[in-house]
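Asks: Got my_file.csv for you, CSV, C-alpha atoms:
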chain,number,residue,atom,x,y,z
A,14,MET,CA,83.5,-7.6,68.8
A,15,GLY,CA,87.1,-6.6,68.1
A,16,SER,CA,89.9,-9.0,67.5
A,17,GLY,CA,92.8,-9.6,69.9
A,18,LEU,CA,94.9,-6.9,68.1
A,19,SER,CA,92.3,-4.2,68.1
A,20,ALA,CA,90.3,-5.0,71.2
A,21,SER,CA,91.9,-2.3,73.3
A,22,LEU,CA,92.4,0.3,70.5
A,23,LEU,CA,90.8,3.6,71.6
A,24,PRO,CA,89.9,6.6,69.5
A,25,GLN,CA,92.3,8.7,71.6
A,26,GLN,CA,95.2,6.4,70.8
A,27,VAL,CA,94.5,6.7,67.1
A,28,ARG,CA,94.3,10.5,67.2
A,29,ALA,CA,97.5,10.6,69.3
A,30,GLY,CA,99.3,8.1,67.0
A,31,ARG,CA,98.4,10.2,63.9
A,32,ALA,CA,99.7,13.3,65.7
A,33,LEU,CA,103.0,11.5,66.4
A,34,VAL,CA,103.6,10.8,62.7
A,35,ASP,CA,102.0,14.0,61.5
A,36,TRP,CA,99.2,12.3,59.5
A,37,SER,CA,95.8,13.7,58.6
A,38,GLN,CA,92.8,11.5,58.9
A,39,GLY,CA,92.9,11.1,55.1
A,40,ALA,CA,96.5,9.9,55.2
A,41,LEU,CA,95.7,7.3,57.8
A,42,ALA,CA,92.6,6.1,55.9
A,43,ALA,CA,94.7,5.8,52.7
A,44,SER,CA,97.5,4.0,54.4
A,45,ALA,CA,95.2,1.6,56.2
A,46,GLY,CA,93.0,1.0,53.1
A,47,VAL,CA,89.8,2.1,54.9
A,48,SER,CA,87.3,4.9,54.2
A,49,LEU,CA,87.9,8.4,55.5
A,50,SER,CA,84.5,8.1,57.2
A,51,THR,CA,85.7,5.0,59.1
A,52,VAL,CA,88.6,7.0,60.6
A,53,LYS,CA,86.5,10.1,61.3
A,54,ASP,CA,83.6,8.2,62.9
A,55,PHE,CA,85.9,6.1,65.1
A,56,GLU,CA,88.0,9.0,66.3
A,57,ALA,CA,84.8,10.9,67.1
A,58,GLY,CA,83.4,8.0,69.0
A,59,ARG,CA,80.4,7.7,66.7
A,60,ARG,CA,80.9,4.0,65.8
A,61,GLU,CA,83.2,1.0,66.3
A,62,PRO,CA,84.6,-0.1,63.0
A,63,LEU,CA,84.8,-3.7,61.9
A,64,ALA,CA,87.6,-5.6,63.6
A,65,ALA,CA,89.5,-6.0,60.3
A,66,ASN,CA,89.4,-2.2,59.8
A,67,LEU,CA,90.6,-1.5,63.3
A,68,ASP,CA,93.4,-4.0,62.7
A,69,SER,CA,94.3,-2.2,59.4
A,70,ILE,CA,94.4,1.2,61.2
A,71,ARG,CA,96.6,-0.1,63.9
A,72,ALA,CA,98.9,-1.9,61.4
A,73,ALA,CA,99.3,1.3,59.3
A,74,LEU,CA,100.2,3.4,62.4
A,75,GLU,CA,102.6,0.7,63.7
A,76,ALA,CA,104.3,0.6,60.2
A,77,ALA,CA,104.8,4.4,60.5
A,78,GLY,CA,106.6,4.0,63.9
A,79,VAL,CA,103.8,4.2,66.4
A,80,ASP,CA,103.9,1.8,69.4
A,81,PHE,CA,100.6,1.2,71.2
A,82,ILE,CA,100.9,0.9,75.0
A,83,ALA,CA,98.4,-1.4,76.7
A,84,GLU,CA,96.6,-0.5,79.9
A,85,ASN,CA,99.2,-1.0,82.6
A,86,GLY,CA,97.9,0.9,85.6
A,87,GLY,CA,98.6,4.2,84.0
A,88,GLY,CA,96.2,3.9,81.1
A,89,PRO,CA,96.6,3.0,77.5
A,90,GLY,CA,98.7,5.2,75.2
A,91,VAL,CA,101.0,5.5,72.3
A,92,ARG,CA,104.6,6.5,71.7
A,93,LEU,CA,106.9,7.0,68.7
A,94,ARG,CA,109.3,4.1,68.2
A,95,LYS,CA,112.9,5.0,68.9
A,96,GLY,CA,114.8,5.9,65.7
A,97,THR,CA,111.6,6.8,63.8
A,98,ALA,CA,111.8,10.5,64.1
Would it be possible to restate this file's structure as structure tokens?

Replies:
Amino acid sequence: MGSGLSASLLPQQVRAGRALVDWSQGALAASAGVSLSTVKDFEAGRREPLAANLDSIRAALEAAGVDFIAENGGGPGVRLRKGTA
């Protein structure tokens, strides 16, 4: 089961977050300290990573300027933090 931070993290949010900061899957994996296969498999929906790995992925993207938007009636999403670009 995911932790409170990563419980609502979706593969689509990770892909979109990477696109916002122009990161490859490898760049995200390196920044998050997880394996490339962890990122690839999660984004492809093949497996759910350990909660600690999801938290690391989320933290790396947030440090790069990505804000994760929770489900609020319009669906979960991401956006680039103001002043990041």

Asks: Using only C-alpha atoms, which of the listed residues (A:Glu56, A:Gly30, A:Ala45, A:Ser21) sits closest to A:Val79?

Replies: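 Answer, going by the shortest atom-to-atom distance: A:Gly30.
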
Asks: With a distance cut-off of 12 Å and only C-alpha atoms, select the neighbouring residues of A:Ser69, excluding the residue or stretch itself and same-chain residues fewer than 6 positions from it, and output the selection as a ChimeraX atom specification.

Replies: /A:16,18-19,22,27,41-48,51-52,62-63,75-76

Asks: If I take atom CA of A:Glu61 and atom CA of A:Ser37, how far is one from the other in Å, to one decimal?

Replies: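 Calculated distance between atom CA of A:Glu61 and atom CA of A:Ser37 is 19.5 Å.
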
Asks: Neighbouring residues of A:Gly88 were defined as those with any atom within 12 Å, considering all atoms listed in the file; residues of the same chain fewer than 2 positions away were excluded. Please report them as a list in words.

Replies: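 Those residues are Ser21, Leu22, Leu23, Gln25, Gln26, Phe81, Ile82, Ala83, Glu84, Asn85, Gly86, Gly90 and Val91 of chain A.
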
Asks: List the spatial neighbours of A:Leu93 as a PyMOL selection string - criterion: any atom at most 7 Å away, all atoms listed in the file, same-chain residues fewer than 6 positions off excluded.

Replies: chain A and resi 33+78-80

Asks: Kindly give the distance, in Å, that separates atom CA of A:Arg94 and atom CA of A:Leu74, rounded to a single decimal.

Replies: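 Atom CA of A:Arg94 sits 10.8 Å away from atom CA of A:Leu74.
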